[in-house]
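Just entry04.cif here, mmCIF, C-alpha atoms and all ligand atoms:
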```cif
data_model
#
loop_
_atom_site.label_atom_id
_atom_site.label_comp_id
_atom_site.auth_asym_id
_atom_site.auth_seq_id
_atom_site.Cartn_x
_atom_site.Cartn_y
_atom_site.Cartn_z
CA MET A 1 0.00 0.00 0.00
CA SER A 2 1.42 3.39 -0.95
CA ARG A 3 2.47 5.90 1.64
CA THR A 4 0.44 8.55 -0.15
CA PHE A 5 -2.65 6.49 0.47
CA GLN A 6 -1.73 6.20 4.11
CA ALA A 7 -1.10 9.92 4.35
CA ASN A 8 -4.52 10.56 2.83
CA ARG A 9 -6.07 8.11 5.17
CA ARG A 10 -4.47 9.79 8.11
CA ARG A 11 -5.74 13.16 6.86
CA PHE A 12 -9.19 11.68 6.60
CA LEU A 13 -8.99 10.40 10.14
CA THR A 14 -7.76 13.78 11.32
CA LEU A 15 -10.57 15.56 9.49
CA ALA A 16 -13.01 13.15 11.00
CA GLY A 17 -11.63 14.25 14.35
CA VAL A 18 -10.71 10.77 15.39
CA ALA A 19 -6.91 10.82 15.18
CA ALA A 20 -6.74 10.03 18.84
CA SER A 21 -3.46 8.19 18.48
CA THR A 22 -1.71 11.35 17.34
CA VAL A 23 -2.83 13.46 20.30
CA PRO A 24 0.44 14.40 22.01
CA LEU A 25 0.72 12.67 25.34
CA ALA A 26 3.62 12.58 27.74
CA GLY A 27 6.63 10.56 26.59
CA CYS A 28 7.26 7.05 27.83
CA ASP A 29 9.49 8.35 30.59
CA MET A 30 7.18 11.13 31.67
CA LEU A 31 4.02 10.83 33.64
CA ASP A 32 2.93 14.45 33.95
CA GLY A 33 -0.77 14.98 33.70
CA VAL A 34 -1.82 11.47 32.90
CA PHE A 35 -3.16 10.54 36.33
CA SER A 36 -6.36 12.52 35.97
CA GLY A 37 -8.29 9.36 35.18
CA ASP A 38 -11.80 10.82 35.23
CA SER A 39 -11.09 14.27 33.78
CA ALA A 40 -13.20 15.49 30.86
CA VAL A 41 -10.13 15.42 28.60
CA ARG A 42 -9.45 11.83 29.55
CA GLN A 43 -13.06 10.85 28.78
CA THR A 44 -12.97 12.61 25.40
CA LEU A 45 -9.71 10.86 24.55
CA ALA A 46 -11.18 7.54 25.56
CA SER A 47 -14.21 7.90 23.29
CA ALA A 48 -12.11 9.28 20.42
CA ASN A 49 -9.81 6.29 20.81
CA SER A 50 -12.66 3.82 20.57
CA LEU A 51 -13.97 5.63 17.47
CA SER A 52 -10.47 5.64 15.94
CA TYR A 53 -10.24 1.91 16.63
CA ARG A 54 -13.59 1.20 14.96
CA VAL A 55 -12.85 3.43 11.94
CA GLN A 56 -9.46 1.77 11.45
CA ARG A 57 -11.05 -1.66 11.68
CA MET A 58 -13.65 -0.68 9.05
CA LEU A 59 -11.14 0.81 6.63
CA ALA A 60 -8.11 -1.33 7.08
CA GLY A 61 -8.68 -4.59 8.93
CA ASP A 62 -5.81 -6.42 7.28
CA ARG A 63 -3.70 -3.54 5.97
CA LEU A 64 0.04 -4.24 6.14
CA ALA A 65 2.43 -1.77 7.78
CA PRO A 66 5.08 -0.44 5.37
CA GLU A 67 8.19 -2.58 5.01
CA PHE A 68 11.60 -1.15 4.12
CA ALA A 69 14.80 -2.11 2.32
CA ALA A 70 17.87 -3.25 4.25
CA THR A 71 19.66 -0.07 3.14
CA GLU A 72 17.15 1.95 5.15
CA ILE A 73 18.40 0.50 8.44
CA ARG A 74 20.60 3.32 9.71
CA GLN A 75 21.38 2.34 13.29
CA GLY A 76 20.65 -0.34 15.86
CA GLN A 77 17.19 -0.45 17.41
CA ARG A 78 17.26 2.28 20.06
CA PRO A 79 16.56 0.70 23.46
CA ASN A 80 13.78 2.38 25.42
CA GLY A 81 11.82 1.81 28.63
CA SER A 82 13.17 -1.17 30.54
CA THR A 83 16.53 -2.21 29.14
CA ASP A 84 17.76 -4.75 31.73
CA PRO A 85 15.08 -6.17 34.04
CA ASP A 86 16.45 -6.70 37.52
CA GLY A 87 13.94 -9.20 38.95
CA PRO A 88 15.46 -12.46 40.23
CA ASP A 89 13.47 -14.63 37.79
CA TYR A 90 14.73 -12.69 34.76
CA ARG A 91 18.29 -12.55 36.10
CA ALA A 92 18.25 -16.34 36.51
CA LEU A 93 17.12 -16.79 32.89
CA LYS A 94 19.76 -14.38 31.65
CA ALA A 95 22.40 -16.35 33.54
CA THR A 96 21.53 -19.44 31.44
CA ALA A 97 21.51 -17.38 28.22
CA PHE A 98 17.73 -18.11 28.23
CA ALA A 99 18.25 -21.88 27.82
CA THR A 100 15.79 -22.35 30.72
CA TYR A 101 13.18 -19.98 29.26
CA ARG A 102 9.64 -21.35 28.78
CA LEU A 103 6.73 -19.53 27.20
CA PRO A 104 3.32 -20.55 28.58
CA VAL A 105 0.25 -19.82 26.45
CA THR A 106 -2.77 -20.07 28.74
CA GLY A 107 -6.26 -18.77 29.43
CA LEU A 108 -9.10 -19.25 26.94
CA VAL A 109 -7.41 -21.97 24.87
CA GLU A 110 -8.23 -25.62 24.39
CA LYS A 111 -4.60 -26.75 24.48
CA PRO A 112 -2.37 -24.68 26.75
CA LEU A 113 1.23 -24.52 25.50
CA ASP A 114 4.54 -24.39 27.29
CA LEU A 115 7.29 -23.85 24.75
CA GLY A 116 11.06 -23.67 24.95
CA LEU A 117 13.01 -21.26 22.76
CA ASP A 118 14.43 -24.11 20.69
CA GLU A 119 10.88 -25.22 19.86
CA ILE A 120 9.91 -21.67 18.91
CA ARG A 121 12.98 -21.15 16.73
CA VAL A 122 12.25 -24.20 14.57
CA MET A 123 8.74 -23.00 13.72
CA PRO A 124 8.30 -21.26 10.34
CA ALA A 125 9.74 -17.77 10.83
CA ARG A 126 8.90 -14.38 9.39
CA THR A 127 11.42 -11.57 8.84
CA GLN A 128 10.31 -7.98 8.26
CA ILE A 129 12.00 -4.58 8.11
CA THR A 130 9.68 -2.09 9.75
CA ARG A 131 9.65 1.28 11.43
CA HIS A 132 9.15 1.51 15.16
CA ASP A 133 7.42 4.72 16.25
CA CYS A 134 7.61 5.68 19.92
CA VAL A 135 5.16 8.24 21.36
CA GLU A 136 8.22 10.11 22.61
CA GLY A 137 8.69 11.23 19.01
CA TRP A 138 11.51 9.05 17.68
CA SER A 139 11.46 6.29 15.06
CA CYS A 140 13.82 3.47 14.17
CA ILE A 141 13.89 1.11 11.20
CA ALA A 142 14.99 -2.42 12.08
CA LYS A 143 14.80 -5.97 10.79
CA TRP A 144 12.83 -8.33 13.00
CA THR A 145 12.72 -12.13 12.88
CA GLY A 146 10.31 -14.28 14.83
CA VAL A 147 7.40 -16.66 14.85
CA PRO A 148 3.99 -15.37 13.75
CA LEU A 149 1.78 -15.15 16.81
CA ALA A 150 -0.99 -16.76 14.70
CA THR A 151 1.04 -19.99 14.61
CA LEU A 152 1.00 -20.26 18.40
CA LEU A 153 -2.68 -19.30 18.59
CA ASP A 154 -3.53 -22.05 16.10
CA GLN A 155 -1.55 -24.59 18.11
CA ALA A 156 -3.24 -23.54 21.33
CA LYS A 157 -6.72 -23.53 19.72
CA VAL A 158 -8.24 -20.28 20.90
CA LYS A 159 -11.73 -20.65 22.37
CA PRO A 160 -14.50 -18.64 20.68
CA GLU A 161 -15.13 -16.47 23.75
CA ALA A 162 -11.54 -15.12 23.73
CA ARG A 163 -11.20 -11.50 22.51
CA TYR A 164 -7.78 -10.35 23.68
CA VAL A 165 -4.21 -11.57 23.87
CA ILE A 166 -2.48 -10.42 27.07
CA PHE A 167 1.32 -10.31 27.26
CA HIS A 168 2.75 -10.54 30.75
CA CYS A 169 6.35 -9.32 31.01
CA TYR A 170 9.33 -9.97 33.27
CA ASP A 171 10.05 -6.31 34.00
CA ALA A 172 8.34 -3.91 36.37
CA MET A 173 8.34 -0.13 36.21
CA ASN A 174 8.70 2.13 39.22
CA LEU A 175 6.11 4.88 39.20
CA GLY A 176 7.07 6.05 42.67
CA LEU A 177 3.59 5.11 43.86
CA GLY A 178 4.37 2.23 46.17
CA GLY A 179 6.35 -0.54 44.59
CA PRO A 180 7.17 -1.62 41.07
CA THR A 181 4.30 -2.28 38.64
CA PRO A 182 4.68 -5.17 36.18
CA TYR A 183 4.69 -4.25 32.49
CA TYR A 184 1.92 -5.89 30.49
CA GLU A 185 0.14 -5.24 27.21
CA SER A 186 -2.82 -6.51 25.20
CA ILE A 187 -4.07 -6.57 21.62
CA ASP A 188 -7.24 -7.86 19.99
CA LEU A 189 -7.35 -11.10 18.00
CA LEU A 190 -7.38 -9.27 14.67
CA ASP A 191 -3.99 -7.69 15.41
CA ALA A 192 -2.82 -10.92 17.05
CA ARG A 193 -3.50 -12.85 13.84
CA HIS A 194 -2.19 -10.11 11.53
CA PRO A 195 0.61 -11.52 9.31
CA GLN A 196 3.16 -8.98 10.60
CA THR A 197 2.46 -9.71 14.27
CA ILE A 198 5.37 -11.83 15.46
CA LEU A 199 7.13 -12.85 18.63
CA ALA A 200 10.62 -11.72 17.69
CA TYR A 201 13.81 -13.45 18.82
CA GLY A 202 16.06 -11.77 16.25
CA CYS A 203 16.86 -8.15 15.45
CA ASN A 204 19.06 -6.96 12.57
CA ASP A 205 20.35 -10.52 11.97
CA GLN A 206 21.49 -10.97 15.58
CA ALA A 207 19.88 -12.72 18.53
CA LEU A 208 17.53 -10.23 20.20
CA SER A 209 19.53 -8.30 22.81
CA VAL A 210 18.55 -7.89 26.43
CA ALA A 211 18.15 -4.15 25.84
CA ASN A 212 15.57 -4.83 23.11
CA GLY A 213 13.55 -7.45 25.03
CA ALA A 214 15.32 -10.84 25.00
CA PRO A 215 14.47 -13.58 24.65
CA LEU A 216 11.09 -12.75 23.04
CA ARG A 217 9.31 -9.48 22.28
CA VAL A 218 6.14 -8.62 20.44
CA ARG A 219 6.07 -6.79 17.09
CA VAL A 220 2.62 -5.44 16.27
CA GLU A 221 3.56 -3.22 13.40
CA ARG A 222 0.45 -1.07 12.97
CA GLN A 223 0.66 0.31 16.48
CA LEU A 224 2.97 2.50 18.56
CA GLY A 225 6.06 1.27 20.39
CA TYR A 226 4.54 0.85 23.83
CA LYS A 227 2.22 -1.88 22.48
CA MET A 228 5.23 -4.09 21.62
CA ALA A 229 5.83 -5.90 24.89
CA LYS A 230 9.46 -6.87 25.54
CA TYR A 231 10.61 -9.65 27.93
CA VAL A 232 7.44 -11.71 27.33
CA LYS A 233 6.91 -14.02 30.30
CA SER A 234 3.58 -15.55 29.32
CA ILE A 235 0.68 -15.12 26.93
CA GLU A 236 -2.90 -15.32 28.09
CA LEU A 237 -6.12 -15.39 26.06
CA ALA A 238 -8.93 -13.47 27.74
CA ALA A 239 -12.48 -12.25 27.22
CA THR A 240 -12.04 -8.90 29.01
CA LEU A 241 -9.17 -6.64 30.04
CA ALA A 242 -10.66 -5.79 33.43
CA PRO A 243 -8.82 -8.36 35.58
CA TYR A 244 -5.30 -7.27 34.55
CA GLY A 245 -3.27 -4.44 36.09
CA GLY A 246 -5.41 -1.31 36.33
CA GLY A 247 -7.95 -2.80 33.89
CA LYS A 248 -7.13 -0.63 30.85
CA GLY A 249 -5.18 -3.27 28.93
CA GLY A 250 -1.59 -2.23 29.49
CA PHE A 251 0.96 -0.62 31.77
CA TRP A 252 0.89 2.71 29.93
CA GLU A 253 -2.85 2.51 29.26
CA ASP A 254 -3.40 2.31 33.01
CA VAL A 255 -1.80 5.75 33.33
CA GLY A 256 -3.65 7.29 30.39
CA TYR A 257 -2.31 6.16 27.02
CA ASP A 258 -4.73 4.95 24.36
CA TRP A 259 -5.33 1.21 24.31
CA TYR A 260 -5.40 1.29 20.52
CA GLY A 261 -2.11 2.95 19.57
CA GLY A 262 -2.75 2.88 15.81
CA ILE A 263 -0.32 4.60 13.44
N1 LIG B 1 8.31 -5.14 28.88
C1 LIG B 1 8.43 -3.92 28.33
N2 LIG B 1 8.04 -3.74 27.06
C2 LIG B 1 8.16 -2.52 26.48
C3 LIG B 1 8.64 -1.40 27.21
C4 LIG B 1 9.05 -1.62 28.55
O1 LIG B 1 9.51 -0.71 29.26
N3 LIG B 1 8.93 -2.90 29.07
N4 LIG B 1 8.70 -0.16 26.61
C5 LIG B 1 7.87 0.04 25.43
C6 LIG B 1 8.19 1.23 24.66
S1 LIG B 1 7.56 2.72 25.19
C7 LIG B 1 8.89 1.18 23.48
S2 LIG B 1 9.14 2.54 22.50
C8 LIG B 1 9.49 -0.09 23.04
C9 LIG B 1 10.99 0.06 22.95
O2 LIG B 1 11.54 -1.10 22.38
P1 LIG B 1 13.10 -1.10 22.10
O3 LIG B 1 13.78 -0.95 23.44
O4 LIG B 1 13.41 -2.37 21.42
O5 LIG B 1 13.37 0.10 21.21
O6 LIG B 1 9.21 -1.18 23.88
C10 LIG B 1 7.94 -1.16 24.49
N5 LIG B 1 7.77 -2.39 25.21
MO MO B 2 7.70 4.12 23.40
#
```

If you convert what's in this file into structure tokens, what do you get?
Amino acid sequence: MSRTFQANRRRFLTLAGVAASTVPLAGCDMLDGVFSGDSAVRQTLASANSLSYRVQRMLAGDRLAPEFAATEIRQGQRPNGSTDPDGPDYRALKATAFATYRLPVTGLVEKPLDLGLDEIRVMPARTQITRHDCVEGWSCIAKWTGVPLATLLDQAKVKPEARYVIFHCYDAMNLGLGGPTPYYESIDLLDARHPQTILAYGCNDQALSVANGAPLRVRVERQLGYKMAKYVKSIELAATLAPYGGGKGGFWEDVGYDWYGGI
């Protein structure tokens, strides 16, 4: 799909007043002003976000994110957010170079999975060169290799009542509000089954680094950077987002970011 078309589409969304994902919010490292959970602004953003989500689904359910040439990779993927989780469970995994890592896939599935990295690496892989856009205002083009999430969902046999895929992560963020809060994220099944949605274990032809989310991180290429959970600890299929974290579907969503971070 041409970039001109995307630009036009974005303009249309803006004109329609539903470009919620482009509303400037605080950067990933900044929390100013996002705690006002029931403010009028927050409510308006929330309804604009749900409209943006529905309009995008109508117009572009299976649209692919742009892919780039290898010559367009100018630097390594810039590490952001957590870059070296310090919990004992992650440190123990790192000490074995992730040989002891297991990925559980649980929740609303008929056949729960528990996979080692060697099992994941022999599954049919997908490689894509895409641009990562962080809400902080920077972008990075990188080459990602991993297993399509759809492959794991098919193996696990998702139950019909499931609507969301929840990614639980090994790292926790310190908001200064009484103890570290675990990072988590969620996407709907349409994005989960999108051909460019992968669990990546490789970046720019190298094993995924700790700074970029080793051993496995999500790529969900039509959304902003914060949706792409690093340090994936487990995957859970769920019918609602309410039971997890603050109930808004992700660590940053719980402090005010849009759940649908479409770009
Ligand atoms: N577990 C976890 N996932 C995360 C984050 C994080 O802090 N912890 N930060 C998010 C944000 S805001 C961005 S921009 C990207 C950064 O990924 P990178 O470090 O590979 O550039 O990861 C996202 N996923
Ligand atoms: Mo980000």

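Distances here use all atoms listed in the file; by that measure, the residue among A:Thr145, A:Ser139, A:Gln128, A:Ser52 closest to ligand MO 2 (chain B) is A:Ser139.
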
Practice task
Residues within 7 Å of ligand LIG 1 (chain B), counting all atoms listed in the file: report them as a PyMOL selection string.
Solution key: chain A and resi 28+77-83+133-134+169-171+183-184+211-213+225-232

What does the file look like for those residues with C-alpha atoms, as a short mmCIF file (atom, residue, chain, number, x, y, z; two decimals), in the coordinates of the input?
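Produced file selection-v9.cif, reproduced below:
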```
data_model
loop_
_atom_site.label_atom_id
_atom_site.label_comp_id
_atom_site.auth_asym_id
_atom_site.auth_seq_id
_atom_site.Cartn_x
_atom_site.Cartn_y
_atom_site.Cartn_z
CA CYS A 28 7.26 7.05 27.83
CA GLN A 77 17.19 -0.45 17.41
CA ARG A 78 17.26 2.28 20.06
CA PRO A 79 16.56 0.70 23.46
CA ASN A 80 13.78 2.38 25.42
CA GLY A 81 11.82 1.81 28.63
CA SER A 82 13.17 -1.17 30.54
CA THR A 83 16.53 -2.21 29.14
CA ASP A 133 7.42 4.72 16.25
CA CYS A 134 7.61 5.68 19.92
CA CYS A 169 6.35 -9.32 31.01
CA TYR A 170 9.33 -9.97 33.27
CA ASP A 171 10.05 -6.31 34.00
CA TYR A 183 4.69 -4.25 32.49
CA TYR A 184 1.92 -5.89 30.49
CA ALA A 211 18.15 -4.15 25.84
CA ASN A 212 15.57 -4.83 23.11
CA GLY A 213 13.55 -7.45 25.03
CA GLY A 225 6.06 1.27 20.39
CA TYR A 226 4.54 0.85 23.83
CA LYS A 227 2.22 -1.88 22.48
CA MET A 228 5.23 -4.09 21.62
CA ALA A 229 5.83 -5.90 24.89
CA LYS A 230 9.46 -6.87 25.54
CA TYR A 231 10.61 -9.65 27.93
CA VAL A 232 7.44 -11.71 27.33
#
```

Completion exercise
Counting all atoms listed in the file, closest pick from A:Leu241, A:Leu224, A:Leu189, A:Ile120 relative to Gly262 of chain A is A:Leu224

Practice task
Between A:Gly245, A:Gly87, A:Gly116, A:Gly137, single out the one closest to ligand MO 2 (chain B), counting all atoms listed in the file.
Solution key: A:Gly137

Exercise for the section: Identify which of the residues A:Val220, A:Ile263, A:Ala242, A:Leu64 lies closest to Trp144 of chain A, counting all atoms listed in the file when measuring atom-to-atom distances. Expected result: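 Among the listed residues, the smallest separation from Trp144 of chain A belongs to A:Val220.
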
Handout entry: Surrounding residues of segment 196-202 of chain A excluding itself and chain neighbours under 5 positions, 10 Å, only C-alpha atoms, as a ChimeraX atom specification
Key = /A:62-65,67,117,120-121,125-128,130,143-152,190-191,207-209,212-222,228-230,232

Could you write out that same residue set with C-alpha atoms as a tab-separated table (two decimals), in the coordinates of the input?
```tsv
chain	number	residue	atom	x	y	z
A	62	ASP	CA	-5.81	-6.42	7.28
A	63	ARG	CA	-3.70	-3.54	5.97
A	64	LEU	CA	0.04	-4.24	6.14
A	65	ALA	CA	2.43	-1.77	7.78
A	67	GLU	CA	8.19	-2.58	5.01
A	117	LEU	CA	13.01	-21.26	22.76
A	120	ILE	CA	9.91	-21.67	18.91
A	121	ARG	CA	12.98	-21.15	16.73
A	125	ALA	CA	9.74	-17.77	10.83
A	126	ARG	CA	8.90	-14.38	9.39
A	127	THR	CA	11.42	-11.57	8.84
A	128	GLN	CA	10.31	-7.98	8.26
A	130	THR	CA	9.68	-2.09	9.75
A	143	LYS	CA	14.80	-5.97	10.79
A	144	TRP	CA	12.83	-8.33	13.00
A	145	THR	CA	12.72	-12.13	12.88
A	146	GLY	CA	10.31	-14.28	14.83
A	147	VAL	CA	7.40	-16.66	14.85
A	148	PRO	CA	3.99	-15.37	13.75
A	149	LEU	CA	1.78	-15.15	16.81
A	150	ALA	CA	-0.99	-16.76	14.70
A	151	THR	CA	1.04	-19.99	14.61
A	152	LEU	CA	1.00	-20.26	18.40
A	190	LEU	CA	-7.38	-9.27	14.67
A	191	ASP	CA	-3.99	-7.69	15.41
A	207	ALA	CA	19.88	-12.72	18.53
A	208	LEU	CA	17.53	-10.23	20.20
A	209	SER	CA	19.53	-8.30	22.81
A	212	ASN	CA	15.57	-4.83	23.11
A	213	GLY	CA	13.55	-7.45	25.03
A	214	ALA	CA	15.32	-10.84	25.00
A	215	PRO	CA	14.47	-13.58	24.65
A	216	LEU	CA	11.09	-12.75	23.04
A	217	ARG	CA	9.31	-9.48	22.28
A	218	VAL	CA	6.14	-8.62	20.44
A	219	ARG	CA	6.07	-6.79	17.09
A	220	VAL	CA	2.62	-5.44	16.27
A	221	GLU	CA	3.56	-3.22	13.40
A	222	ARG	CA	0.45	-1.07	12.97
A	228	MET	CA	5.23	-4.09	21.62
A	229	ALA	CA	5.83	-5.90	24.89
A	230	LYS	CA	9.46	-6.87	25.54
A	232	VAL	CA	7.44	-11.71	27.33
```

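With all atoms listed in the file as the atoms that count, the residue of A:Tyr244, A:Tyr164, A:Phe251, A:Phe98 with the shortest distance to ligand MO 2 (chain B) is A:Phe251.
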
Practice task
Find the distance between atom CA of Phe68 of chain A and atom CA of Ile129 of chain A and write it in Å to one decimal.
Solution key: 5.3 Å

Exercise for the section: Find the distance between atom CA of Glu72 of chain A and atom CA of Ala142 of chain A and write it in Å to one decimal. Expected result: 8.5 Å

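Excluding Val165 of chain A and any residue on its chain fewer than 6 positions from it, the residues at most 8 Å away by all atoms listed in the file are Ser186, Ile187, Asp188, Leu189, Ala192, Ile235, Glu236, Leu237 and Ala238 of chain A.
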
Dump C-alpha atoms for the selected residues as a PDB file, in the coordinates of the input?
```pdb
ATOM      1  CA  SER A 186      -2.820  -6.510  25.200  1.00  0.00           C
ATOM      2  CA  ILE A 187      -4.070  -6.570  21.620  1.00  0.00           C
ATOM      3  CA  ASP A 188      -7.240  -7.860  19.990  1.00  0.00           C
ATOM      4  CA  LEU A 189      -7.350 -11.100  18.000  1.00  0.00           C
ATOM      5  CA  ALA A 192      -2.820 -10.920  17.050  1.00  0.00           C
ATOM      6  CA  ILE A 235       0.680 -15.120  26.930  1.00  0.00           C
ATOM      7  CA  GLU A 236      -2.900 -15.320  28.090  1.00  0.00           C
ATOM      8  CA  LEU A 237      -6.120 -15.390  26.060  1.00  0.00           C
ATOM      9  CA  ALA A 238      -8.930 -13.470  27.740  1.00  0.00           C
TER      10      ALA A 238
END
```

Practice task
Find, counting only C-alpha atoms and all ligand atoms, the residue in A:Leu108, A:Ala239, A:Ala162, A:Cys140 that gets nearest to ligand MO 2 (chain B).
Solution key: A:Cys140

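Between atom CA of Thr106 of chain A and atom CA of Gly178 of chain A the separation is 29.2 Å.
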